[in-house]
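Dropping input_26.pdb in here (PDB, C-alpha atoms, pLDDT in the B column):
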ATOM      1  CA  MET A   1     -13.681 -12.315 -54.474  1.00 98.00           C
ATOM      2  CA  LYS A   2     -11.468 -14.727 -56.338  1.00 98.00           C
ATOM      3  CA  LEU A   3      -8.260 -16.089 -54.813  1.00 98.00           C
ATOM      4  CA  TYR A   4      -5.761 -17.420 -57.355  1.00 98.00           C
ATOM      5  CA  VAL A   5      -3.237 -19.623 -55.581  1.00 98.00           C
ATOM      6  CA  VAL A   6      -0.081 -20.733 -57.380  1.00 98.00           C
ATOM      7  CA  ARG A   7       2.129 -23.546 -56.144  1.00 98.00           C
ATOM      8  CA  HIS A   8       5.770 -22.579 -56.504  1.00 98.00           C
ATOM      9  CA  GLY A   9       7.708 -23.998 -59.433  1.00 98.00           C
ATOM     10  CA  GLN A  10       9.826 -27.112 -59.063  1.00 98.00           C
ATOM     11  CA  SER A  11      12.505 -26.527 -56.441  1.00 98.00           C
ATOM     12  CA  GLU A  12      15.886 -28.170 -55.964  1.00 97.00           C
ATOM     13  CA  ASP A  13      14.411 -30.073 -53.020  1.00 96.00           C
ATOM     14  CA  ASN A  14      11.397 -31.239 -55.075  1.00 97.00           C
ATOM     15  CA  LEU A  15      13.789 -32.620 -57.676  1.00 97.00           C
ATOM     16  CA  ALA A  16      15.921 -34.386 -55.038  1.00 96.00           C
ATOM     17  CA  LYS A  17      12.804 -35.622 -53.150  1.00 96.00           C
ATOM     18  CA  ARG A  18      13.918 -33.881 -49.961  1.00 97.00           C
ATOM     19  CA  HIS A  19      11.761 -32.362 -47.238  1.00 97.00           C
ATOM     20  CA  SER A  20      11.823 -28.589 -47.754  1.00 95.00           C
ATOM     21  CA  GLY A  21       9.498 -27.264 -45.089  1.00 95.00           C
ATOM     22  CA  TRP A  22      10.653 -23.756 -44.301  1.00 96.00           C
ATOM     23  CA  ALA A  23      14.053 -24.194 -46.006  1.00 94.00           C
ATOM     24  CA  GLU A  24      15.429 -21.648 -48.430  1.00 95.00           C
ATOM     25  CA  CYS A  25      15.879 -23.602 -51.646  1.00 96.00           C
ATOM     26  CA  SER A  26      15.884 -22.258 -55.184  1.00 97.00           C
ATOM     27  CA  LEU A  27      13.878 -23.107 -58.253  1.00 98.00           C
ATOM     28  CA  THR A  28      15.345 -25.436 -60.865  1.00 98.00           C
ATOM     29  CA  GLU A  29      15.322 -24.487 -64.569  1.00 98.00           C
ATOM     30  CA  LYS A  30      12.081 -26.447 -64.852  1.00 98.00           C
ATOM     31  CA  GLY A  31      10.785 -24.547 -61.817  1.00 98.00           C
ATOM     32  CA  GLU A  32      11.483 -21.253 -63.545  1.00 98.00           C
ATOM     33  CA  ALA A  33       9.573 -22.530 -66.591  1.00 98.00           C
ATOM     34  CA  ASP A  34       6.723 -23.612 -64.259  1.00 98.00           C
ATOM     35  CA  ALA A  35       6.588 -20.072 -62.868  1.00 98.00           C
ATOM     36  CA  ARG A  36       6.535 -18.444 -66.299  1.00 98.00           C
ATOM     37  CA  ARG A  37       3.777 -20.870 -67.397  1.00 98.00           C
ATOM     38  CA  ALA A  38       1.728 -19.848 -64.340  1.00 98.00           C
ATOM     39  CA  GLY A  39       2.288 -16.233 -65.358  1.00 98.00           C
ATOM     40  CA  GLU A  40       0.784 -16.999 -68.760  1.00 98.00           C
ATOM     41  CA  LEU A  41      -2.299 -18.465 -67.055  1.00 98.00           C
ATOM     42  CA  LEU A  42      -2.623 -15.310 -64.927  1.00 98.00           C
ATOM     43  CA  LYS A  43      -2.053 -12.936 -67.855  1.00 97.00           C
ATOM     44  CA  GLY A  44      -4.701 -10.274 -68.210  1.00 96.00           C
ATOM     45  CA  ILE A  45      -6.008 -10.597 -64.643  1.00 98.00           C
ATOM     46  CA  ALA A  46      -5.846  -7.320 -62.715  1.00 97.00           C
ATOM     47  CA  PHE A  47      -4.907  -8.327 -59.179  1.00 98.00           C
ATOM     48  CA  ASP A  48      -5.901  -5.980 -56.377  1.00 98.00           C
ATOM     49  CA  LYS A  49      -3.497  -7.688 -53.990  1.00 98.00           C
ATOM     50  CA  VAL A  50      -0.609 -10.144 -54.346  1.00 98.00           C
ATOM     51  CA  TYR A  51       0.725 -12.281 -51.505  1.00 98.00           C
ATOM     52  CA  SER A  52       3.631 -14.657 -51.472  1.00 98.00           C
ATOM     53  CA  SER A  53       5.018 -17.068 -48.951  1.00 98.00           C
ATOM     54  CA  ASP A  54       8.250 -15.578 -47.662  1.00 98.00           C
ATOM     55  CA  THR A  55      10.285 -18.634 -48.722  1.00 98.00           C
ATOM     56  CA  LYS A  56      12.754 -18.227 -51.567  1.00 98.00           C
ATOM     57  CA  ARG A  57      11.071 -20.671 -53.967  1.00 98.00           C
ATOM     58  CA  ALA A  58       7.703 -18.922 -53.631  1.00 98.00           C
ATOM     59  CA  ARG A  59       9.251 -15.445 -53.950  1.00 98.00           C
ATOM     60  CA  GLN A  60      11.101 -16.535 -57.103  1.00 98.00           C
ATOM     61  CA  THR A  61       7.901 -17.976 -58.579  1.00 98.00           C
ATOM     62  CA  CYS A  62       6.004 -14.771 -57.870  1.00 98.00           C
ATOM     63  CA  ALA A  63       8.743 -12.627 -59.429  1.00 98.00           C
ATOM     64  CA  LEU A  64       8.739 -14.704 -62.628  1.00 98.00           C
ATOM     65  CA  ALA A  65       4.956 -15.089 -62.910  1.00 98.00           C
ATOM     66  CA  LEU A  66       3.970 -11.515 -62.007  1.00 98.00           C
ATOM     67  CA  PRO A  67       7.147  -9.463 -62.510  1.00 97.00           C
ATOM     68  CA  ASP A  68       5.386  -6.098 -62.172  1.00 96.00           C
ATOM     69  CA  SER A  69       3.630  -6.933 -58.902  1.00 97.00           C
ATOM     70  CA  ASP A  70       4.502  -5.626 -55.457  1.00 97.00           C
ATOM     71  CA  PRO A  71       3.775  -8.689 -53.299  1.00 98.00           C
ATOM     72  CA  GLU A  72       3.330  -8.786 -49.568  1.00 98.00           C
ATOM     73  CA  TYR A  73       5.447 -11.608 -48.157  1.00 98.00           C
ATOM     74  CA  THR A  74       3.875 -13.652 -45.392  1.00 98.00           C
ATOM     75  CA  PRO A  75       4.843 -16.696 -43.307  1.00 98.00           C
ATOM     76  CA  LEU A  76       1.143 -17.633 -43.040  1.00 98.00           C
ATOM     77  CA  ILE A  77       1.240 -19.600 -46.299  1.00 98.00           C
ATOM     78  CA  ARG A  78       4.603 -21.296 -45.870  1.00 98.00           C
ATOM     79  CA  GLU A  79       4.812 -25.051 -46.282  1.00 98.00           C
ATOM     80  CA  THR A  80       4.431 -27.304 -43.229  1.00 97.00           C
ATOM     81  CA  ASN A  81       7.369 -26.904 -40.850  1.00 98.00           C
ATOM     82  CA  VAL A  82       9.047 -30.323 -40.854  1.00 98.00           C
ATOM     83  CA  GLY A  83      11.609 -29.451 -38.164  1.00 97.00           C
ATOM     84  CA  SER A  84      14.744 -31.601 -38.156  1.00 97.00           C
ATOM     85  CA  LEU A  85      13.628 -33.422 -41.309  1.00 97.00           C
ATOM     86  CA  THR A  86      14.379 -30.289 -43.341  1.00 97.00           C
ATOM     87  CA  GLY A  87      16.819 -31.173 -46.112  1.00 96.00           C
ATOM     88  CA  LEU A  88      16.569 -34.943 -45.592  1.00 97.00           C
ATOM     89  CA  GLU A  89      15.545 -37.196 -48.455  1.00 97.00           C
ATOM     90  CA  VAL A  90      12.193 -38.890 -48.000  1.00 97.00           C
ATOM     91  CA  ALA A  91      13.774 -42.290 -48.798  1.00 97.00           C
ATOM     92  CA  GLU A  92      16.395 -41.750 -46.078  1.00 97.00           C
ATOM     93  CA  CYS A  93      13.681 -40.904 -43.539  1.00 97.00           C
ATOM     94  CA  GLN A  94      11.812 -44.061 -44.487  1.00 97.00           C
ATOM     95  CA  ARG A  95      14.972 -46.139 -43.988  1.00 97.00           C
ATOM     96  CA  ARG A  96      15.733 -44.518 -40.620  1.00 96.00           C
ATOM     97  CA  TRP A  97      12.295 -44.437 -39.034  1.00 96.00           C
ATOM     98  CA  GLY A  98      10.214 -46.816 -41.152  1.00 96.00           C
ATOM     99  CA  GLU A  99       6.509 -47.191 -40.506  1.00 97.00           C
ATOM    100  CA  GLU A 100       6.505 -44.631 -37.662  1.00 96.00           C
ATOM    101  CA  TYR A 101       7.781 -41.953 -40.062  1.00 97.00           C
ATOM    102  CA  ASP A 102       5.327 -42.992 -42.797  1.00 96.00           C
ATOM    103  CA  GLU A 103       2.390 -42.742 -40.365  1.00 96.00           C
ATOM    104  CA  ARG A 104       3.473 -39.312 -39.103  1.00 96.00           C
ATOM    105  CA  ARG A 105       4.010 -38.062 -42.634  1.00 95.00           C
ATOM    106  CA  LYS A 106       0.591 -39.316 -43.740  1.00 92.00           C
ATOM    107  CA  ALA A 107      -1.006 -37.634 -40.701  1.00 93.00           C
ATOM    108  CA  ARG A 108       1.062 -34.497 -41.431  1.00 93.00           C
ATOM    109  CA  ASN A 109       2.388 -34.532 -37.868  1.00 97.00           C
ATOM    110  CA  PHE A 110       5.973 -33.323 -37.714  1.00 98.00           C
ATOM    111  CA  CYS A 111       5.876 -32.273 -34.042  1.00 98.00           C
ATOM    112  CA  PRO A 112       8.091 -35.218 -32.994  1.00 97.00           C
ATOM    113  CA  TYR A 113      10.783 -33.726 -35.266  1.00 97.00           C
ATOM    114  CA  GLY A 114      10.421 -30.199 -33.904  1.00 98.00           C
ATOM    115  CA  GLY A 115       8.021 -29.113 -36.655  1.00 98.00           C
ATOM    116  CA  GLU A 116       4.283 -28.587 -36.724  1.00 98.00           C
ATOM    117  CA  ASN A 117       1.221 -30.768 -37.125  1.00 97.00           C
ATOM    118  CA  LEU A 118      -1.743 -30.369 -39.443  1.00 96.00           C
ATOM    119  CA  GLU A 119      -3.768 -28.417 -36.886  1.00 96.00           C
ATOM    120  CA  MET A 120      -0.972 -25.849 -36.492  1.00 98.00           C
ATOM    121  CA  HIS A 121      -0.584 -25.521 -40.261  1.00 98.00           C
ATOM    122  CA  MET A 122      -4.351 -25.195 -40.760  1.00 98.00           C
ATOM    123  CA  LYS A 123      -4.475 -22.403 -38.173  1.00 98.00           C
ATOM    124  CA  ARG A 124      -1.940 -20.359 -40.172  1.00 98.00           C
ATOM    125  CA  VAL A 125      -3.755 -20.972 -43.449  1.00 98.00           C
ATOM    126  CA  ARG A 126      -7.155 -20.075 -41.939  1.00 98.00           C
ATOM    127  CA  GLU A 127      -5.654 -16.810 -40.738  1.00 98.00           C
ATOM    128  CA  PHE A 128      -4.410 -16.092 -44.259  1.00 98.00           C
ATOM    129  CA  MET A 129      -7.781 -16.916 -45.850  1.00 98.00           C
ATOM    130  CA  ALA A 130      -9.552 -14.607 -43.400  1.00 98.00           C
ATOM    131  CA  LEU A 131      -7.026 -11.891 -44.263  1.00 97.00           C
ATOM    132  CA  ALA A 132      -7.585 -12.354 -48.010  1.00 97.00           C
ATOM    133  CA  ALA A 133     -11.383 -12.486 -47.650  1.00 97.00           C
ATOM    134  CA  GLY A 134     -11.513  -9.459 -45.365  1.00 96.00           C
ATOM    135  CA  GLY A 135      -9.399  -7.149 -47.489  1.00 95.00           C
ATOM    136  CA  GLY A 136     -12.195  -5.853 -49.676  1.00 96.00           C
ATOM    137  CA  TRP A 137     -10.427  -6.968 -52.876  1.00 97.00           C
ATOM    138  CA  ASN A 138     -11.971  -8.540 -55.952  1.00 98.00           C
ATOM    139  CA  THR A 139      -8.966 -10.516 -57.145  1.00 98.00           C
ATOM    140  CA  VAL A 140      -6.079 -11.771 -55.041  1.00 98.00           C
ATOM    141  CA  ALA A 141      -3.038 -13.823 -56.059  1.00 98.00           C
ATOM    142  CA  ALA A 142      -1.054 -15.928 -53.613  1.00 98.00           C
ATOM    143  CA  PHE A 143       2.151 -17.875 -54.243  1.00 98.00           C
ATOM    144  CA  SER A 144       2.393 -20.769 -51.870  1.00 98.00           C
ATOM    145  CA  HIS A 145       3.169 -24.470 -51.373  1.00 98.00           C
ATOM    146  CA  GLY A 146       1.456 -27.794 -51.938  1.00 97.00           C
ATOM    147  CA  GLY A 147       0.775 -28.415 -48.249  1.00 96.00           C
ATOM    148  CA  SER A 148      -0.752 -24.977 -47.731  1.00 98.00           C
ATOM    149  CA  ILE A 149      -2.884 -25.257 -50.854  1.00 98.00           C
ATOM    150  CA  HIS A 150      -4.165 -28.624 -49.627  1.00 97.00           C
ATOM    151  CA  CYS A 151      -5.000 -26.941 -46.298  1.00 98.00           C
ATOM    152  CA  MET A 152      -6.975 -24.316 -48.210  1.00 98.00           C
ATOM    153  CA  LEU A 153      -8.811 -27.088 -50.040  1.00 98.00           C
ATOM    154  CA  ASP A 154      -9.678 -28.832 -46.756  1.00 97.00           C
ATOM    155  CA  ILE A 155     -10.998 -25.553 -45.333  1.00 97.00           C
ATOM    156  CA  VAL A 156     -13.092 -24.823 -48.426  1.00 97.00           C
ATOM    157  CA  MET A 157     -14.483 -28.375 -48.632  1.00 97.00           C
ATOM    158  CA  GLY A 158     -15.184 -28.481 -44.891  1.00 95.00           C
ATOM    159  CA  GLU A 159     -13.263 -31.703 -44.288  1.00 93.00           C
ATOM    160  CA  PRO A 160      -9.905 -33.300 -45.110  1.00 91.00           C
ATOM    161  CA  GLN A 161      -9.600 -34.361 -48.726  1.00 93.00           C
ATOM    162  CA  ASN A 162      -7.518 -37.254 -50.048  1.00 90.00           C
ATOM    163  CA  LYS A 163      -4.373 -35.615 -51.455  1.00 89.00           C
ATOM    164  CA  ALA A 164      -4.135 -38.338 -54.100  1.00 91.00           C
ATOM    165  CA  ASP A 165      -7.470 -37.132 -55.510  1.00 95.00           C
ATOM    166  CA  TYR A 166      -6.110 -33.581 -55.742  1.00 97.00           C
ATOM    167  CA  PRO A 167      -2.542 -33.616 -57.066  1.00 96.00           C
ATOM    168  CA  CYS A 168      -0.997 -30.174 -56.654  1.00 96.00           C
ATOM    169  CA  THR A 169       1.346 -29.537 -59.566  1.00 97.00           C
ATOM    170  CA  ASN A 170       4.346 -27.224 -59.392  1.00 98.00           C
ATOM    171  CA  GLY A 171       3.255 -23.996 -61.077  1.00 98.00           C
ATOM    172  CA  GLY A 172      -0.391 -25.076 -61.007  1.00 98.00           C
ATOM    173  CA  VAL A 173      -3.050 -22.406 -60.514  1.00 98.00           C
ATOM    174  CA  THR A 174      -5.938 -23.110 -58.142  1.00 98.00           C
ATOM    175  CA  VAL A 175      -8.885 -20.721 -57.911  1.00 98.00           C
ATOM    176  CA  PHE A 176     -11.111 -20.321 -54.865  1.00 98.00           C
ATOM    177  CA  GLY A 177     -14.168 -18.093 -54.765  1.00 98.00           C
ATOM    178  CA  PHE A 178     -15.484 -16.256 -51.725  1.00 98.00           C
ATOM    179  CA  GLU A 179     -18.980 -14.793 -51.715  1.00 97.00           C
ATOM    180  CA  ASN A 180     -21.463 -14.096 -48.914  1.00 96.00           C
ATOM    181  CA  GLY A 181     -19.141 -15.683 -46.377  1.00 95.00           C
ATOM    182  CA  VAL A 182     -18.790 -18.960 -48.279  1.00 97.00           C
ATOM    183  CA  TRP A 183     -15.651 -20.351 -49.936  1.00 98.00           C
ATOM    184  CA  THR A 184     -15.905 -22.485 -53.077  1.00 98.00           C
ATOM    185  CA  LEU A 185     -13.407 -24.351 -55.244  1.00 98.00           C
ATOM    186  CA  GLU A 186     -13.571 -23.098 -58.825  1.00 98.00           C
ATOM    187  CA  GLN A 187     -10.477 -24.632 -60.391  1.00 98.00           C
ATOM    188  CA  TRP A 188      -7.844 -27.066 -59.156  1.00 98.00           C
ATOM    189  CA  SER A 189      -4.145 -26.885 -60.057  1.00 97.00           C
ATOM    190  CA  ARG A 190      -4.544 -25.792 -63.683  1.00 96.00           C
ATOM    191  CA  THR A 191      -1.373 -25.945 -65.746  1.00 95.00           C
ATOM    192  CA  GLU A 192      -2.694 -25.179 -69.239  1.00 92.00           C
TER
END

Write the structure described by the file as structure tokens, please.
Amino acid sequence: MKLYVVRHGQSEDNLAKRHSGWAECSLTEKGEADARRAGELLKGIAFDKVYSSDTKRARQTCALALPDSDPEYTPLIRETNVGSLTGLEVAECQRRWGEEYDERRKARNFCPYGGENLEMHMKRVREFMALAAGGGWNTVAAFSHGGSIHCMLDIVMGEPQNKADYPCTNGGVTVFGFENGVWTLEQWSRTE
């Protein structure tokens, strides 16, 4: 089985450098172009199943990239819930909470703000990957978020990876393989 995972196109919050989390923000014009570009990369692939995060930016990306698909929307592959930081600019958070905020953000621990931590996010993503692997499909597409795609990478690699080594581009297509109970990384965040 191959799992093609697309990061949503640039959103209004990406452009403004705001925490999105589970917020309902729209794609920018560039984000729409990102989605159409991803669609070009997926052209000619017959997907047995299409999933999308249930957030607006992921749904919009899916609709532009695979307009004839009938996706199943799921909260399992939403971005990390950042709680009360939702909608706040990263720079403002750094000014308000300084080093404490930076450490929590690096550790992906948003529990102090009413959100979730990395372990909680990984649990959701593992559940999704088990769902995708257990469906009996050959090719699956999923429209998701940078944080969730990094969780998938960590699961596949068996340990946390340095995000700086794996930049996750808006509209980028990542491909994971699953065979004989083993996940592999086949392609990371392709944009052309």

Query raised in the report: Applied to this file, what does the PyMOL selection byres ((chain A and resi 117) around 10) return in terms of residues, put as a VMD selection string?
Result: chain A and resid 80 to 82 104 to 105 107 to 112 114 to 116 118 to 122

List every residue of range 131-184 of chain A that has an atom at most 12 Å from any atom of range 12-18 of chain A, giving for each one its closest atom pair and the distance in Å to one decimal, counting all atoms listed in the file, sorted by chain and then by ascending residue number, as JSON lines.
{"residue": "A:His145", "atom": "CA", "partner": "A:Asn14", "partner_atom": "CA", "distance": 11.3}
{"residue": "A:Gly146", "atom": "CA", "partner": "A:Asn14", "partner_atom": "CA", "distance": 11.0}
{"residue": "A:Thr169", "atom": "CA", "partner": "A:Asn14", "partner_atom": "CA", "distance": 11.1}
{"residue": "A:Asn170", "atom": "CA", "partner": "A:Asn14", "partner_atom": "CA", "distance": 9.2}

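A straight line drawn from CA of Leu64 in chain A to CA of Asp165 in chain A is 28.6 Å long.
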
Query raised in the report: Just so the selection is clear, what residues does the PyMOL selection byres ((chain A and resi 88-94) around 9) cover here, as a PyMOL selection string?
Result: chain A and resi 13+16-20+84-87+95-102

Report task. Compare A:Gly147, A:Gly83, A:Pro75, A:Gly172 by their minimum atom-to-atom distance to Arg59 in chain A, counting all atoms listed in the file, and give me the closest one. Result -> A:Pro75

Requested in this report: Find the distance between CA of Ala38 in chain A and CA of Pro160 in chain A and write it in Å to one decimal.
Outcome: 26.2 Å

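For the set A:His8, A:Ser144, A:Asn162, A:Trp137, the residue with the smallest atom-to-atom gap to Arg37 in chain A is A:His8, counting all atoms listed in the file.
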
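Residue nearest Thr28 in chain A, chosen from A:Arg57, A:His150, A:Arg126, A:Arg190 and counting all atoms listed in the file: A:Arg57.
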
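Computed from the coordinates, the CA of Gln161 in chain A to CA of Thr184 in chain A distance equals 14.1 Å.
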
Query - Surrounding residues of Gln60 in chain A excluding itself and chain neighbours under 3 positions, 9 Å, all atoms listed in the file, as a list in words - result: His8, Gly9, Ser26, Leu27, Glu32, Ala35, Thr55, Lys56, Arg57, Ala63, Leu64 and Ala65 of chain A

Return as JSON the centre and edge lengths, in Å with one decimal, of the box along x, y and z that encloses every atom of range 84-92 of chain A in the file, padded by 8 Å per side.
{"center_x": 14.5, "center_y": -36.3, "center_z": -43.5, "size_x": 20.6, "size_y": 28.0, "size_z": 26.6}

Report task. Please identify all polymer residues lying at most 10 Å from the point (-14.9, -26.9, -48.8) (file coordinates), using only C-alpha atoms, and present the result as an MDAnalysis selection string. Result -> chainID A and resid 152:161 176 182:185

Report task. Please evaluate the PyMOL selection byres ((chain A and resi 131) around 12) against the displayed coordinates and give the resulting residues as a ChimeraX atom specification. Result -> /A:3,49,51,74,76-77,124-130,132-137,140,142

Take the residues from that selection and put them in a file with C-alpha atoms, as an mmCIF file, in the frame of the given file.
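again.cif, freshly written:
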data_model
loop_
_atom_site.group_PDB
_atom_site.id
_atom_site.type_symbol
_atom_site.label_atom_id
_atom_site.label_comp_id
_atom_site.auth_asym_id
_atom_site.auth_seq_id
_atom_site.Cartn_x
_atom_site.Cartn_y
_atom_site.Cartn_z
ATOM 1 C CA LEU A 3 -8.260 -16.089 -54.813
ATOM 2 C CA LYS A 49 -3.497 -7.688 -53.990
ATOM 3 C CA TYR A 51 0.725 -12.281 -51.505
ATOM 4 C CA THR A 74 3.875 -13.652 -45.392
ATOM 5 C CA LEU A 76 1.143 -17.633 -43.040
ATOM 6 C CA ILE A 77 1.240 -19.600 -46.299
ATOM 7 C CA ARG A 124 -1.940 -20.359 -40.172
ATOM 8 C CA VAL A 125 -3.755 -20.972 -43.449
ATOM 9 C CA ARG A 126 -7.155 -20.075 -41.939
ATOM 10 C CA GLU A 127 -5.654 -16.810 -40.738
ATOM 11 C CA PHE A 128 -4.410 -16.092 -44.259
ATOM 12 C CA MET A 129 -7.781 -16.916 -45.850
ATOM 13 C CA ALA A 130 -9.552 -14.607 -43.400
ATOM 14 C CA ALA A 132 -7.585 -12.354 -48.010
ATOM 15 C CA ALA A 133 -11.383 -12.486 -47.650
ATOM 16 C CA GLY A 134 -11.513 -9.459 -45.365
ATOM 17 C CA GLY A 135 -9.399 -7.149 -47.489
ATOM 18 C CA GLY A 136 -12.195 -5.853 -49.676
ATOM 19 C CA TRP A 137 -10.427 -6.968 -52.876
ATOM 20 C CA VAL A 140 -6.079 -11.771 -55.041
ATOM 21 C CA ALA A 142 -1.054 -15.928 -53.613
#

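Shortest atom-to-atom contact with Glu24 in chain A among A:Glu40, A:Asp48, A:Asp68, A:Glu79: A:Glu79, counting all atoms listed in the file.
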
Requested in this report: Just the residues within 6 Å of Tyr4 in chain A, please, counting only C-alpha atoms, with nothing from its chain fewer than 6 positions along; format it as JSON, numbers by chain.
Outcome: {"A": [141, 174, 175]}

If I only have part of range 141-153 of chain A, can you fill in N, CA and C atoms and write it as a PDB file, in the coordinates of the input?
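Heads up, here's the output in selection_22.pdb:
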ATOM      1  N   ALA A 141      -3.950 -12.743 -55.683  1.00 98.00           N
ATOM      2  CA  ALA A 141      -3.038 -13.823 -56.059  1.00 98.00           C
ATOM      3  C   ALA A 141      -2.210 -14.184 -54.838  1.00 98.00           C
ATOM      4  N   ALA A 142      -1.907 -15.462 -54.708  1.00 98.00           N
ATOM      5  CA  ALA A 142      -1.054 -15.928 -53.613  1.00 98.00           C
ATOM      6  C   ALA A 142      -0.128 -17.016 -54.148  1.00 98.00           C
ATOM      7  N   PHE A 143       1.147 -16.896 -53.824  1.00 98.00           N
ATOM      8  CA  PHE A 143       2.151 -17.875 -54.243  1.00 98.00           C
ATOM      9  C   PHE A 143       2.551 -18.669 -53.014  1.00 98.00           C
ATOM     10  N   SER A 144       2.301 -19.973 -53.081  1.00 98.00           N
ATOM     11  CA  SER A 144       2.393 -20.769 -51.870  1.00 98.00           C
ATOM     12  C   SER A 144       3.001 -22.143 -52.158  1.00 98.00           C
ATOM     13  N   HIS A 145       2.585 -23.131 -51.378  1.00 98.00           N
ATOM     14  CA  HIS A 145       3.169 -24.470 -51.373  1.00 98.00           C
ATOM     15  C   HIS A 145       2.069 -25.520 -51.398  1.00 98.00           C
ATOM     16  N   GLY A 146       2.426 -26.719 -51.839  1.00 97.00           N
ATOM     17  CA  GLY A 146       1.456 -27.794 -51.938  1.00 97.00           C
ATOM     18  C   GLY A 146       0.701 -28.059 -50.644  1.00 97.00           C
ATOM     19  N   GLY A 147       1.422 -28.141 -49.532  1.00 96.00           N
ATOM     20  CA  GLY A 147       0.775 -28.415 -48.249  1.00 96.00           C
ATOM     21  C   GLY A 147      -0.219 -27.334 -47.857  1.00 96.00           C
ATOM     22  N   SER A 148       0.145 -26.089 -48.084  1.00 98.00           N
ATOM     23  CA  SER A 148      -0.752 -24.977 -47.731  1.00 98.00           C
ATOM     24  C   SER A 148      -1.962 -24.927 -48.655  1.00 98.00           C
ATOM     25  N   ILE A 149      -1.761 -25.245 -49.913  1.00 98.00           N
ATOM     26  CA  ILE A 149      -2.884 -25.257 -50.854  1.00 98.00           C
ATOM     27  C   ILE A 149      -3.843 -26.397 -50.504  1.00 98.00           C
ATOM     28  N   HIS A 150      -3.298 -27.539 -50.091  1.00 97.00           N
ATOM     29  CA  HIS A 150      -4.165 -28.624 -49.627  1.00 97.00           C
ATOM     30  C   HIS A 150      -4.918 -28.218 -48.359  1.00 97.00           C
ATOM     31  N   CYS A 151      -4.289 -27.450 -47.481  1.00 98.00           N
ATOM     32  CA  CYS A 151      -5.000 -26.941 -46.298  1.00 98.00           C
ATOM     33  C   CYS A 151      -6.156 -26.042 -46.729  1.00 98.00           C
ATOM     34  N   MET A 152      -5.909 -25.176 -47.702  1.00 98.00           N
ATOM     35  CA  MET A 152      -6.975 -24.316 -48.210  1.00 98.00           C
ATOM     36  C   MET A 152      -8.128 -25.155 -48.749  1.00 98.00           C
ATOM     37  N   LEU A 153      -7.794 -26.198 -49.497  1.00 98.00           N
ATOM     38  CA  LEU A 153      -8.811 -27.088 -50.040  1.00 98.00           C
ATOM     39  C   LEU A 153      -9.643 -27.715 -48.922  1.00 98.00           C
TER      40      LEU A 153
END
